[in-house]
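The data block below is target_3.txt; it holds compact mmCIF, C-alpha atoms.
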```txt
# COMPACT_ATOMS: atom_id res chain seq x y z
CA MET A 1 -5.69 -32.23 10.03
CA ASP A 2 -2.46 -30.56 11.08
CA GLU A 3 -1.84 -29.36 7.52
CA GLN A 4 -5.37 -27.97 7.31
CA GLU A 5 -4.85 -26.11 10.57
CA ALA A 6 -1.57 -24.75 9.27
CA LEU A 7 -3.28 -23.45 6.12
CA ARG A 8 -6.06 -21.86 8.14
CA SER A 9 -3.49 -20.29 10.43
CA ALA A 10 -1.53 -18.86 7.48
CA THR A 11 -4.74 -17.44 5.98
CA ALA A 12 -5.69 -15.91 9.32
CA ARG A 13 -2.26 -14.31 9.64
CA ARG A 14 -2.55 -12.77 6.17
CA GLU A 15 -5.96 -11.37 7.04
CA GLN A 16 -4.58 -9.93 10.29
CA VAL A 17 -1.74 -8.25 8.42
CA GLU A 18 -4.17 -6.69 5.93
CA GLN A 19 -6.44 -5.54 8.73
CA ALA A 20 -3.53 -4.02 10.64
CA ARG A 21 -2.40 -2.24 7.49
CA ALA A 22 -5.89 -0.82 6.95
CA VAL A 23 -5.97 0.43 10.55
CA THR A 24 -2.55 2.03 10.06
CA ASP A 25 -3.76 3.76 6.89
CA HIS A 26 -6.77 5.22 8.67
CA ALA A 27 -4.64 6.36 11.61
CA ASP A 28 -2.23 8.00 9.17
CA GLU A 29 -5.03 9.85 7.37
CA HIS A 30 -6.56 10.98 10.67
CA ALA A 31 -3.17 12.25 11.84
CA VAL A 32 -2.78 14.40 8.72
CA THR A 33 -6.30 15.79 9.23
CA LEU A 34 -5.64 16.62 12.89
CA GLU A 35 -2.26 18.20 12.10
CA SER A 36 -3.95 20.30 9.43
CA MET A 37 -6.69 21.43 11.82
CA LEU A 38 -4.13 22.33 14.47
CA ALA A 39 -2.12 24.31 11.93
CA ILE A 40 -5.26 26.23 10.93
CA LEU A 41 -6.30 26.95 14.52
CA ARG A 42 -2.79 28.09 15.46
CA SER A 43 -2.29 30.24 12.38
CA ASP A 44 -1.79 33.96 13.00
CA ARG A 45 -2.92 34.67 9.43
CA LEU A 46 -6.58 33.87 10.22
CA ASP A 47 -9.05 35.45 12.61
CA ASP A 48 -11.22 33.22 14.80
CA ARG A 49 -14.14 33.09 12.38
CA ALA A 50 -11.98 32.23 9.37
CA ALA A 51 -10.09 29.60 11.37
CA ARG A 52 -13.32 27.94 12.46
CA THR A 53 -14.60 27.93 8.88
CA MET A 54 -11.39 26.36 7.55
CA ALA A 55 -11.30 23.77 10.35
CA ILE A 56 -14.90 22.80 9.62
CA ASP A 57 -14.09 22.41 5.92
CA VAL A 58 -11.14 20.13 6.68
CA ALA A 59 -13.20 18.03 9.10
CA ALA A 60 -16.07 17.76 6.62
CA SER A 61 -13.72 16.63 3.85
CA ALA A 62 -12.23 14.02 6.17
CA LEU A 63 -15.67 12.67 7.04
CA VAL A 64 -16.56 12.39 3.37
CA GLY A 65 -13.31 10.52 2.79
CA LEU A 66 -14.13 8.05 5.55
CA ARG A 67 -17.36 7.15 3.79
CA MET A 68 -15.73 6.49 0.46
CA VAL A 69 -15.01 2.92 -0.56
CA THR A 70 -12.55 3.76 -3.31
CA ASP A 71 -9.51 2.70 -1.34
CA GLN A 72 -11.14 -0.64 -0.49
CA GLN A 73 -11.11 -1.42 -4.21
CA ARG A 74 -7.69 0.08 -4.90
CA SER A 75 -6.08 -3.19 -5.96
CA SER A 76 -8.28 -3.37 -9.09
CA VAL A 77 -8.24 0.31 -10.11
CA LEU A 78 -5.66 2.21 -12.13
CA GLU A 79 -4.89 5.84 -11.29
CA PRO A 80 -3.15 8.24 -13.69
CA VAL A 81 0.14 9.17 -12.04
CA VAL A 82 -0.68 12.90 -12.27
CA GLY A 83 -4.08 12.32 -10.69
CA ALA A 84 -2.57 10.25 -7.88
CA PHE A 85 -0.06 13.02 -7.19
CA ALA A 86 -2.84 15.62 -7.21
CA ARG A 87 -4.67 13.61 -4.52
CA LEU A 88 -1.50 13.70 -2.44
CA ARG A 89 -1.24 17.47 -2.79
CA ASN A 90 -4.86 17.78 -1.79
CA ASP A 91 -4.24 15.62 1.32
CA LEU A 92 -1.41 17.91 2.41
CA ARG A 93 -2.87 21.25 1.29
CA PRO A 94 -4.14 22.48 4.71
CA LEU A 95 -0.88 21.56 6.40
CA VAL A 96 1.12 23.27 3.66
CA ARG A 97 -1.04 26.39 3.67
CA PHE A 98 -1.30 27.00 7.39
CA GLY A 99 1.61 25.07 8.92
CA ASP A 100 5.22 26.06 9.45
CA LEU A 101 6.49 23.46 6.97
CA ASP A 102 7.26 24.61 3.44
CA VAL A 103 6.43 21.67 1.17
CA GLN A 104 7.65 21.81 -2.42
CA PHE A 105 6.05 19.46 -4.95
CA VAL A 106 7.81 18.28 -8.11
CA GLU A 107 5.14 16.97 -10.49
CA PRO A 108 5.53 13.59 -12.22
CA PRO A 109 5.54 13.55 -16.04
CA VAL A 110 2.06 13.65 -17.56
CA THR A 111 3.08 10.77 -19.83
CA GLY A 112 3.94 8.56 -16.88
CA ARG A 113 2.36 5.13 -16.74
CA ALA A 114 -0.90 4.80 -14.78
CA LEU A 115 -0.38 3.42 -11.28
CA PRO A 116 -2.08 0.33 -9.90
CA GLY A 117 -4.43 1.55 -7.18
CA GLU A 118 -2.51 -0.28 -4.46
CA VAL A 119 0.75 1.41 -5.49
CA ALA A 120 -0.87 4.86 -5.67
CA HIS A 121 -2.45 4.38 -2.25
CA ALA A 122 0.82 3.16 -0.74
CA ALA A 123 2.79 6.03 -2.29
CA ARG A 124 0.52 8.63 -0.73
CA ALA A 125 0.71 6.86 2.63
CA ILE A 126 4.52 6.79 2.42
CA VAL A 127 4.75 10.52 1.74
CA ARG A 128 2.23 11.35 4.46
CA ASN A 129 4.20 9.25 6.95
CA ALA A 130 7.43 11.02 6.01
CA VAL A 131 5.88 14.49 6.33
CA LEU A 132 4.36 13.60 9.71
CA ALA A 133 7.75 12.31 10.88
CA PHE A 134 9.34 15.64 9.93
CA VAL A 135 6.53 17.58 11.66
CA ASP A 136 6.86 15.50 14.82
CA ALA A 137 10.62 16.00 14.89
CA GLY A 138 10.10 19.77 14.67
CA GLU A 139 13.49 20.26 13.04
CA SER A 140 12.55 20.64 9.38
CA ARG A 141 11.34 23.82 7.75
CA ARG A 142 11.32 22.67 4.14
CA VAL A 143 10.45 19.36 2.46
CA ARG A 144 10.77 18.53 -1.22
CA ILE A 145 8.55 15.77 -2.64
CA GLN A 146 9.16 14.37 -6.11
CA TRP A 147 7.49 11.56 -8.07
CA ASP A 148 8.79 10.10 -11.29
CA CYS A 149 8.07 7.01 -13.35
CA ASP A 150 10.51 4.96 -15.43
CA GLY A 151 7.85 2.74 -16.96
CA LEU A 152 8.43 -0.12 -14.54
CA ASN A 153 8.60 1.66 -11.20
CA LEU A 154 7.23 4.65 -9.35
CA LEU A 155 10.21 6.61 -8.04
CA ILE A 156 9.65 8.76 -4.96
CA GLY A 157 12.13 11.28 -3.59
CA ILE A 158 11.58 13.04 -0.25
CA ARG A 159 14.15 15.46 1.14
CA ASP A 160 14.10 17.74 4.19
CA ASP A 161 16.43 20.43 5.58
CA GLY A 162 16.61 19.07 9.12
CA LYS A 163 19.64 18.08 11.16
CA GLY A 164 20.57 15.28 8.77
CA GLU A 165 20.62 12.55 11.40
CA LEU A 166 18.00 10.22 9.94
CA THR A 167 18.97 6.60 9.25
CA ALA A 168 17.21 3.61 7.71
CA HIS A 169 16.81 2.16 11.22
CA ASP A 170 15.00 5.17 12.65
CA ASP A 171 11.72 4.18 14.32
CA SER A 172 9.85 6.96 12.55
CA LEU A 173 10.62 5.29 9.20
CA ARG A 174 9.40 1.85 10.22
CA PRO A 175 5.88 2.30 8.73
CA ILE A 176 7.47 3.45 5.48
CA ALA A 177 9.94 0.56 5.38
CA GLU A 178 7.14 -1.95 6.02
CA ARG A 179 4.98 -0.45 3.29
CA VAL A 180 7.83 -0.48 0.76
CA SER A 181 8.77 -4.06 1.67
CA ALA A 182 5.16 -5.23 1.27
CA LEU A 183 5.23 -4.05 -2.35
CA ASP A 184 8.65 -5.63 -3.04
CA GLY A 185 10.17 -2.15 -3.36
CA GLU A 186 13.39 -0.53 -2.19
CA LEU A 187 14.09 2.22 0.35
CA ALA A 188 17.36 4.13 0.63
CA VAL A 189 18.08 6.78 3.27
CA SER A 190 20.99 9.21 3.12
CA SER A 191 21.76 12.05 5.52
CA THR A 192 24.29 14.85 5.73
CA THR A 193 24.76 16.45 9.12
CA GLY A 194 23.45 19.99 9.08
CA TRP A 195 22.02 19.65 5.58
CA GLY A 196 19.11 17.25 5.94
CA SER A 197 18.02 13.76 4.97
CA SER A 198 16.85 12.18 1.74
CA LEU A 199 14.55 9.21 1.16
CA GLU A 200 14.68 7.46 -2.21
CA ILE A 201 11.93 4.90 -2.78
CA ARG A 202 11.26 2.55 -5.67
CA LEU A 203 7.85 0.86 -5.97
CA PRO A 204 7.39 -1.71 -8.78
CA LEU A 205 4.27 -1.14 -10.86
CA ASP A 206 3.87 -4.83 -11.68
CA PRO A 207 3.51 -7.46 -8.94
CA PRO A 208 6.20 -10.15 -8.77
CA ALA A 209 5.30 -13.29 -10.65
CA ASP A 210 3.90 -16.01 -8.45
CA PRO A 211 6.07 -19.13 -8.33
CA GLU A 212 4.50 -21.92 -10.36
CA PRO A 213 3.57 -24.72 -7.94
CA LEU A 214 4.91 -28.18 -8.71
CA VAL A 215 6.54 -26.95 -11.92
CA GLY A 216 9.42 -29.25 -12.76
CA ALA A 217 7.95 -32.08 -10.72
CA VAL A 218 4.85 -32.90 -12.75
CA SER A 219 3.38 -31.81 -16.05
CA LEU A 220 0.36 -29.55 -15.53
CA SER A 221 -1.95 -27.80 -17.95
CA ALA A 222 -2.59 -24.08 -17.63
CA ARG A 223 -6.01 -24.76 -16.08
CA GLU A 224 -4.56 -27.26 -13.62
CA ARG A 225 -2.00 -24.69 -12.50
CA GLU A 226 -4.81 -22.19 -11.87
CA VAL A 227 -6.80 -24.73 -9.88
CA LEU A 228 -3.76 -25.82 -7.88
CA ARG A 229 -2.87 -22.23 -7.01
CA LEU A 230 -6.38 -21.70 -5.65
CA VAL A 231 -6.37 -25.01 -3.77
CA ALA A 232 -3.07 -23.99 -2.16
CA SER A 233 -4.65 -20.70 -1.07
CA GLY A 234 -7.32 -22.64 0.84
CA ALA A 235 -10.20 -21.98 -1.59
CA ARG A 236 -13.05 -24.50 -1.71
CA ASN A 237 -14.39 -26.10 -4.89
CA ARG A 238 -17.37 -23.75 -5.08
CA ASP A 239 -15.12 -20.68 -4.75
CA ILE A 240 -12.71 -22.04 -7.35
CA ALA A 241 -15.57 -22.72 -9.77
CA LYS A 242 -16.91 -19.20 -9.33
CA HIS A 243 -13.47 -17.61 -9.70
CA LEU A 244 -12.60 -19.52 -12.89
CA GLY A 245 -16.11 -19.56 -14.37
CA ILE A 246 -16.37 -23.34 -14.53
CA SER A 247 -18.68 -25.91 -12.93
CA ASP A 248 -18.16 -27.61 -9.57
CA ASN A 249 -17.85 -30.97 -11.34
CA THR A 250 -15.09 -29.62 -13.58
CA VAL A 251 -13.22 -28.41 -10.50
CA LYS A 252 -13.58 -31.86 -8.91
CA PHE A 253 -12.20 -33.40 -12.10
CA HIS A 254 -9.13 -31.14 -12.05
CA VAL A 255 -8.53 -31.66 -8.33
CA SER A 256 -8.74 -35.42 -8.83
CA ASN A 257 -6.16 -35.25 -11.61
CA LEU A 258 -3.90 -33.06 -9.47
CA LEU A 259 -4.07 -35.50 -6.56
CA ARG A 260 -3.11 -38.33 -8.89
CA LYS A 261 -0.26 -36.44 -10.58
CA ALA A 262 1.19 -35.13 -7.31
CA GLY A 263 0.80 -38.46 -5.51
CA ALA A 264 -1.21 -36.77 -2.75
CA ARG A 265 -4.04 -38.41 -0.81
CA THR A 266 -5.87 -35.30 0.42
CA ARG A 267 -6.41 -31.68 -0.58
CA ALA A 268 -4.39 -30.58 2.43
CA GLU A 269 -1.47 -32.75 1.36
CA LEU A 270 -1.77 -31.40 -2.19
CA ALA A 271 -1.74 -27.83 -0.90
CA GLY A 272 1.24 -28.61 1.31
CA LEU A 273 3.18 -30.04 -1.63
CA ALA A 274 2.31 -26.98 -3.76
CA LEU A 275 3.47 -24.54 -1.08
CA ALA A 276 6.59 -26.55 -0.28
CA ARG A 277 7.72 -26.52 -3.88
```
When written as structure tokens, how does the structure in this file appear?
Amino acid sequence: MDEQEALRSATARREQVEQARAVTDHADEHAVTLESMLAILRSDRLDDRAARTMAIDVAASALVGLRMVTDQQRSSVLEPVVGAFARLRNDLRPLVRFGDLDVQFVEPPVTGRALPGEVAHAARAIVRNAVLAFVDAGESRRVRIQWDCDGLNLLIGIRDDGKGELTAHDDSLRPIAERVSALDGELAVSSTTGWGSSLEIRLPLDPPADPEPLVGAVSLSAREREVLRLVASGARNRDIAKHLGISDNTVKFHVSNLLRKAGARTRAELAGLALAR
């Protein structure tokens, strides 16, 4: 019972993390929209009527974006790297056009590998967070954003012309550091006083391989490894059968074999052994 509770607790924590991340994403997108609207309304290049029209357009686009479900399915969708970068430019266009920040974009190569949707989504969120941090600081007048792809990683470079006092431990970079860490990436921050700061980010395009449960302890077939991985995640027989396209009875057969091979008495004990090893 204790092991089952522990598994449920771990699942609940993962769901809470994902929910918190989704909330952070929405807050980030709303912040960019509001900053853009403020930049439009404060602009001395537009009269009142033009400013209202532009602000309405930005708000309408944001509302349309809220109703889209594309980002909810981002983990299973590939985005061309050029298209993903174009979406980023579109996100920042009002702020670039009517704000005081000069944002320079360096396009990724058109031959770059397509990005997993989760990576593309995270990359845009990282850049938006960085730009908002520079806007909030009020010290930067120019930001350079560059994407590149080496076939295995998306490489992001962000540089400003601020005071050059930014460090990896700065609170404004915490959302970026968390996002990079969640994707098993790397973040490097370098600053030169009076010349600005630079963020170098590497995001792997392929997820890290899952450790094979019980490998080395018992001999398992490929199907048994799949079933064990799902059992360890807390999935029930019906869910496992649906996921693997097999019958409930076949799942029961595999689970029974796994219990015997692992020397476990219950599913919870089997899952605990899989996670422990």
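The shell of residues at most 8 Å from Phe98 (chain A), with only C-alpha atoms counted and near chain neighbours (fewer than 2 positions) removed, consists of A:Ser36, A:Ala39, A:Ile40, A:Ser43, A:Pro94, A:Leu95, A:Val96, A:Asp100.
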Skipping near chain neighbours, those fewer than 3 positions away, what residues fall within 10 Å of Val131 (chain A) using only C-alpha atoms, listed as a PDB file with C-alpha atoms, in the coordinates of the input?
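Output contents, as saved in part36.pdb:
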```pdb
ATOM      1  CA  VAL A  32      -2.780  14.400   8.720  1.00  0.00           C
ATOM      2  CA  LEU A  92      -1.410  17.910   2.410  1.00  0.00           C
ATOM      3  CA  LEU A  95      -0.880  21.560   6.400  1.00  0.00           C
ATOM      4  CA  LEU A 101       6.490  23.460   6.970  1.00  0.00           C
ATOM      5  CA  VAL A 103       6.430  21.670   1.170  1.00  0.00           C
ATOM      6  CA  ALA A 125       0.710   6.860   2.630  1.00  0.00           C
ATOM      7  CA  ILE A 126       4.520   6.790   2.420  1.00  0.00           C
ATOM      8  CA  VAL A 127       4.750  10.520   1.740  1.00  0.00           C
ATOM      9  CA  ARG A 128       2.230  11.350   4.460  1.00  0.00           C
ATOM     10  CA  PHE A 134       9.340  15.640   9.930  1.00  0.00           C
ATOM     11  CA  VAL A 135       6.530  17.580  11.660  1.00  0.00           C
ATOM     12  CA  ASP A 136       6.860  15.500  14.820  1.00  0.00           C
ATOM     13  CA  ALA A 137      10.620  16.000  14.890  1.00  0.00           C
ATOM     14  CA  SER A 140      12.550  20.640   9.380  1.00  0.00           C
ATOM     15  CA  VAL A 143      10.450  19.360   2.460  1.00  0.00           C
ATOM     16  CA  ARG A 144      10.770  18.530  -1.220  1.00  0.00           C
ATOM     17  CA  ILE A 145       8.550  15.770  -2.640  1.00  0.00           C
ATOM     18  CA  ILE A 158      11.580  13.040  -0.250  1.00  0.00           C
ATOM     19  CA  ARG A 159      14.150  15.460   1.140  1.00  0.00           C
ATOM     20  CA  ASP A 160      14.100  17.740   4.190  1.00  0.00           C
TER      21      ASP A 160
END
```
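The two atoms in question, CA of Asp206 (chain A) and CA of Asp148 (chain A), are spaced 15.7 Å apart.
Taking CA of Val227 (chain A) and CA of His254 (chain A) as the two end points, the separation is 7.2 Å.
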Exercise: Arg260 (chain A) partners within 12 Å, all atoms listed in the file, chain neighbours under 3 positions left out, as a ChimeraX atom specification: /A:218-220,253-257,263-267,269-270
Could you write out the selected residues, including C-alpha atoms, as a compact mmCIF listing (two decimals), in the coordinates of the input?
```
# COMPACT_ATOMS: atom_id res chain seq x y z
CA VAL A 218 4.85 -32.90 -12.75
CA SER A 219 3.38 -31.81 -16.05
CA LEU A 220 0.36 -29.55 -15.53
CA PHE A 253 -12.20 -33.40 -12.10
CA HIS A 254 -9.13 -31.14 -12.05
CA VAL A 255 -8.53 -31.66 -8.33
CA SER A 256 -8.74 -35.42 -8.83
CA ASN A 257 -6.16 -35.25 -11.61
CA GLY A 263 0.80 -38.46 -5.51
CA ALA A 264 -1.21 -36.77 -2.75
CA ARG A 265 -4.04 -38.41 -0.81
CA THR A 266 -5.87 -35.30 0.42
CA ARG A 267 -6.41 -31.68 -0.58
CA GLU A 269 -1.47 -32.75 1.36
CA LEU A 270 -1.77 -31.40 -2.19
```
Local residues around (22.0, 13.1, 7.5), at most 10 Å away, using all atoms listed in the file, as a PyMOL selection string: chain A and resi 160-167+189-198
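When all atoms listed in the file are used to measure the gap to Glu79 (chain A), the shortest distance among A:Ala120, A:Thr250, A:Ser181, A:Asp102 belongs to A:Ala120.
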Proximity to Leu132 (chain A) - best of A:Leu244, A:Ile176, A:Ala51, A:Leu205, all atoms listed in the file: A:Ile176
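Comparing A:Ala122, A:Ala133, A:Ala235, A:Leu203 by their smallest distance to Arg174 (chain A), the closest is A:Ala133 (using all atoms listed in the file).
As for CA of His121 (chain A) and CA of Val58 (chain A), they are spaced 20.1 Å apart.
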Around region 223-234 of chain A, with edges along x, y and z and 3 Å added on all six sides, what centre and edge lengths do you get, in Å to one decimal, as lines of an AutoDock Vina configuration file?
```
center_x = -4.7
center_y = -24.0
center_z = -7.6
size_x = 11.3
size_y = 12.6
size_z = 22.9
```
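With only C-alpha atoms as the atoms that count, the residue of A:Ala182, A:Ala262, A:Val251, A:Gln104 with the shortest distance to Arg141 (chain A) is A:Gln104.
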From A:Asp91, A:Glu107, A:Asp170, A:Asp184, residue lying nearest Glu29 (chain A) [only C-alpha atoms]: A:Asp91
